[in-house]
Amino acid sequence: QLIRKTNVHASSPASQRTTFATNPLPRFPIPRAVRHSSADPSSVTSSFSLQLGKSPPASPAMEQQQHAAAARRMATLASHLRPHRTSQMEEVSILKGSNCRAKGAAPGFKVAVLGASGGIGQPLALLMKMNPLVSVLHLYDVVNTPGVTADISHMNTGAVVRGFVGQPQLEDALTGMDLVIIPAGVPRKPGMTRDDLFNINAGIVRTLCEGIAKCCPKAVVNVISNPVNSTVPIAAEVFKKAGTYDPKRLLGVTTLDVVRANTFVGEVLGLNPTDINVPVIGGHAGVTILPLLSQANPPCSFTSEEVSYLTSRIQNGGTEVVEAKAGAGSATLSMAYAAAKFADACLRGLHGDAGIVECSYVASQVTELPFFASKVRLGRCGIEEILPLGPLNEFERAGLEKAKKELAESIQKGVSFIKK
């Protein structure tokens, strides 16, 4: 047939031959069914469609299933971006609360960052999105969370990111969480101490912990909001009032003091700070921060001048950053790094990894104080063991007494805030 058509065009007028030259017939192989005049016309059509790379027409039932599957996929995507149900989402039966997960998300833990739009919260949210142990990441703040969520959600890592904004969405942000990290609160400014932040941040921590007690009472809670020496006791009192207090699951984040100690010791000794581990005990403000340089690993020998210099710089590291930023903020980036490092340790403990030891400000009996920062071993239930302080030299024993005096006042201040 193709030959006959070609011959016809060859004997046609020039105008027709020109048309043929610019629009040649396609050179498809002729299906076998076409070569036999006895072939069923429907089979010829089907065979020709397959040769052209087309699928045979779908049945009405199949089309309906395809449309339903597409609708489910689109509704699931919408629910990841806007986790609160709309009338359209309610029509999709598979989308029910925490069942909504990104297709292919890696198994892991559900983590909430409360205060995710702030100077610490944003870089912390980014670092948690990168953690392979996180499967669901909830970002909560009173403002700007949708933008932070949209930005971080584009990262091609396994965690599903959802944003929540404002007090009405706090419970949705917390429901079902395994780990809750609280960097919420106002930052320090030049001339301010951590205690100057108390009146504002104490109320914020109380509100957030009330939500935790209601929606995820078994979650491990990492408190970053300053003053940590007071906000951790505040959280404990809130949980006690709610009947959900578990001291093994409440941890104040003092990792930045350890990070600074390792860094500054590395600078003095000319060593890589990742190879150094200096335990820091006490609290998380001024003289309550007590680096145990005598227990540094690897063992180091310091002059009295070096000990004095390092101790002072570690204790005043936050002030150093506040003054350097000249009113533009506090230690947000290094704090986010330290918080992510500690959160990763908590997640590895929950995962069942062995030998996870970090310093943290927790309910403790290593001293006469109800709360104290020291080395703790982390596990599936949060804190598995609080380790002893170990031997202290004379300088460290004197520093410990100073630290305990100020700590006692800060702890009582937090307890009184809830009981008043």
# chains A, B, ... in the order shown; residues from 1 in each chain; ligands from 1

call {"tool": "select_by_dssp", "arguments": {"residues": "stretch 116-361 of chain A", "states": "helix (DSSP H, G or I)", "output": "JSON, numbers by chain"}}
result
{"A": [121, 122, 123, 124, 125, 126, 127, 128, 129, 145, 146, 147, 148, 149, 150, 151, 152, 153, 167, 168, 169, 170, 171, 172, 173, 174, 194, 195, 196, 197, 198, 199, 200, 201, 202, 203, 204, 205, 206, 207, 208, 209, 210, 211, 212, 213, 214, 215, 228, 229, 230, 231, 232, 233, 234, 235, 236, 237, 238, 239, 240, 241, 242, 247, 248, 249, 255, 256, 257, 258, 259, 260, 261, 262, 263, 264, 265, 266, 267, 268, 269, 273, 274, 275, 286, 287, 288, 293, 294, 295, 304, 305, 306, 307, 308, 309, 310, 311, 312, 313, 314, 315, 317, 318, 319, 320, 321, 322, 323, 324, 325, 333, 334, 335, 336, 337, 338, 339, 340, 341, 342, 343, 344, 345, 346, 347, 348, 349, 350, 351]}

call {"tool": "residues_around", "arguments": {"residues": "A:Leu250", "least_positions_apart": "4", "cutoff": "10 Å", "atoms": "only C-alpha atoms", "output": "list in words"}}
result
Val180, Ala219, Val220, Val221, Asn222, Val223, Val232, Pro233, Ala235, Ala236, Phe239, Tyr245, Asp246, Ser360, Tyr361, Val362, Ala363, Gly382 and Ile383 of chain A

call {"tool": "closest_atom_pairs", "arguments": {"of": "stretch 297-395 of chain A", "to": "stretch 279-290 of chain A", "cutoff": "9 Å", "atoms": "only C-alpha atoms", "output": "tab-separated table"}}
result
residue	atom	partner	partner_atom	distance
A:Asn297	CA	A:Pro279	CA	8.9
A:Thr311	CA	A:Leu290	CA	7.2
A:Ser312	CA	A:Val287	CA	8.5
A:Ile314	CA	A:Ile289	CA	7.7
A:Gln315	CA	A:Gly286	CA	5.0
A:Asn316	CA	A:Gly286	CA	6.2
A:Gly318	CA	A:Ala285	CA	8.8
A:Glu358	CA	A:Pro279	CA	8.4
A:Cys359	CA	A:Val280	CA	6.7
A:Ser360	CA	A:Ile281	CA	8.0
A:Tyr361	CA	A:Gly283	CA	6.4
A:Phe371	CA	A:Gly283	CA	8.6
A:Phe372	CA	A:Gly282	CA	5.4
A:Ala373	CA	A:Gly282	CA	4.7
A:Ser374	CA	A:Ile281	CA	4.7
A:Lys375	CA	A:Pro279	CA	7.1
A:Leu389	CA	A:Ile281	CA	8.0

call {"tool": "closest_residue", "arguments": {"among": "A:Cys381, A:Ile212, A:Val186, A:Leu269", "to": "A:Cys300", "atoms": "only C-alpha atoms"}}
result
A:Leu269

call {"tool": "residues_around", "arguments": {"residues": "A:Leu293", "least_positions_apart": "3", "cutoff": "12 Å", "atoms": "only C-alpha atoms", "output": "JSON, numbers by chain"}}
result
{"A": [258, 261, 262, 264, 265, 266, 276, 277, 278, 279, 280, 281, 290, 296, 297, 298, 299, 300, 301, 302, 303, 304, 306, 307, 308, 309, 310, 311, 314, 391, 392, 393, 394, 395, 396]}

call {"tool": "residues_around", "arguments": {"residues": "A:Thr231", "least_positions_apart": "4", "cutoff": "7 Å", "atoms": "only C-alpha atoms", "output": "PyMOL selection string"}}
result
chain A and resi 202+205+225-227+235+414

call {"tool": "residues_around", "arguments": {"residues": "A:Ala340", "least_positions_apart": "4", "cutoff": "8 Å", "atoms": "only C-alpha atoms", "output": "PDB file with all heavy atoms, in the first residue's frame"}}
result
ATOM      1  N   LEU A 124      18.756  25.037  63.746  1.00  0.00           N
ATOM      2  CA  LEU A 124      18.532  23.761  64.416  1.00  0.00           C
ATOM      3  C   LEU A 124      17.577  22.890  63.608  1.00  0.00           C
ATOM      4  O   LEU A 124      17.799  21.680  63.447  1.00  0.00           O
ATOM      5  CB  LEU A 124      17.970  23.996  65.821  1.00  0.00           C
ATOM      6  CG  LEU A 124      17.547  22.751  66.615  1.00  0.00           C
ATOM      7  CD1 LEU A 124      18.709  21.786  66.769  1.00  0.00           C
ATOM      8  CD2 LEU A 124      16.994  23.152  67.974  1.00  0.00           C
ATOM      9  N   LEU A 127      19.467  21.401  60.725  1.00  0.00           N
ATOM     10  CA  LEU A 127      20.340  20.296  61.124  1.00  0.00           C
ATOM     11  C   LEU A 127      19.543  19.046  61.479  1.00  0.00           C
ATOM     12  O   LEU A 127      19.979  17.925  61.192  1.00  0.00           O
ATOM     13  CB  LEU A 127      21.205  20.732  62.310  1.00  0.00           C
ATOM     14  CG  LEU A 127      22.242  21.822  62.004  1.00  0.00           C
ATOM     15  CD1 LEU A 127      22.870  22.345  63.284  1.00  0.00           C
ATOM     16  CD2 LEU A 127      23.317  21.306  61.056  1.00  0.00           C
ATOM     17  N   MET A 128      18.375  19.207  62.086  1.00  0.00           N
ATOM     18  CA  MET A 128      17.550  18.043  62.402  1.00  0.00           C
ATOM     19  C   MET A 128      16.968  17.427  61.137  1.00  0.00           C
ATOM     20  O   MET A 128      16.774  16.207  61.068  1.00  0.00           O
ATOM     21  CB  MET A 128      16.433  18.427  63.370  1.00  0.00           C
ATOM     22  CG  MET A 128      16.914  18.902  64.730  1.00  0.00           C
ATOM     23  SD  MET A 128      18.150  17.820  65.500  1.00  0.00           S
ATOM     24  CE  MET A 128      17.210  16.305  65.711  1.00  0.00           C
ATOM     25  N   ALA A 336      22.798  26.190  67.988  1.00  0.00           N
ATOM     26  CA  ALA A 336      22.054  25.247  67.151  1.00  0.00           C
ATOM     27  C   ALA A 336      22.882  24.005  66.878  1.00  0.00           C
ATOM     28  O   ALA A 336      22.370  22.875  66.917  1.00  0.00           O
ATOM     29  CB  ALA A 336      21.645  25.915  65.837  1.00  0.00           C
ATOM     30  N   ASP A 344      20.968  14.494  68.645  1.00  0.00           N
ATOM     31  CA  ASP A 344      21.403  13.269  67.967  1.00  0.00           C
ATOM     32  C   ASP A 344      21.809  12.207  68.984  1.00  0.00           C
ATOM     33  O   ASP A 344      21.508  11.023  68.817  1.00  0.00           O
ATOM     34  CB  ASP A 344      22.566  13.585  67.034  1.00  0.00           C
ATOM     35  CG  ASP A 344      23.121  12.351  66.349  1.00  0.00           C
ATOM     36  OD1 ASP A 344      22.414  11.785  65.497  1.00  0.00           O
ATOM     37  OD2 ASP A 344      24.247  11.928  66.693  1.00  0.00           O
TER      38      ASP A 344
END

call {"tool": "residues_around", "arguments": {"residues": "A:Ala345", "least_positions_apart": "4", "cutoff": "7 Å", "atoms": "only C-alpha atoms", "output": "PyMOL selection string"}}
result
chain A and resi 341+349+356

call {"tool": "closest_atom_pairs", "arguments": {"of": "stretch 134-184 of chain A", "to": "stretch 106-113 of chain A", "cutoff": "6 Å", "atoms": "only C-alpha atoms", "output": "CSV"}}
result
residue,atom,partner,partner_atom,distance
A:Val134,CA,A:Phe109,CA,4.9
A:Ser135,CA,A:Gly108,CA,4.7
A:Val136,CA,A:Lys110,CA,4.6
A:Leu137,CA,A:Val111,CA,5.0
A:His138,CA,A:Ala112,CA,4.5
A:Leu139,CA,A:Val113,CA,5.1
A:Gly158,CA,A:Ala106,CA,5.4
A:Met177,CA,A:Lys110,CA,5.0
A:Asp178,CA,A:Lys110,CA,5.2
A:Leu179,CA,A:Val111,CA,4.8
A:Val180,CA,A:Ala112,CA,4.8
A:Ile181,CA,A:Val113,CA,4.9

call {"tool": "closest_residue", "arguments": {"among": "A:Lys248, A:Val268, A:Leu256, A:Ile234", "to": "A:Gln412", "atoms": "only C-alpha atoms"}}
result
A:Ile234

call {"tool": "closest_residue", "arguments": {"among": "A:Thr157, A:Lys420, A:Pro370, A:Asp257", "to": "A:Ser230", "atoms": "only C-alpha atoms"}}
result
A:Pro370

call {"tool": "select_by_dssp", "arguments": {"residues": "stretch 173-296 of chain A", "states": "strand (DSSP E)", "output": "PyMOL selection string"}}
result
chain A and resi 179-182+220-223+250-252+280-282+289-291

call {"tool": "closest_residue", "arguments": {"among": "A:Tyr337, A:Thr254, A:Gly118, A:Lys218", "to": "A:Arg380", "atoms": "only C-alpha atoms"}}
result
A:Lys218

call {"tool": "closest_residue", "arguments": {"among": "A:Thr255, A:Ser330, A:Asn272, A:Thr263", "to": "A:Met192", "atoms": "only C-alpha atoms"}}
result
A:Ser330

call {"tool": "atom_distance", "arguments": {"atom1": "atom CA of A:Leu251", "atom2": "atom CA of A:Gly379"}}
result
12.9 Å
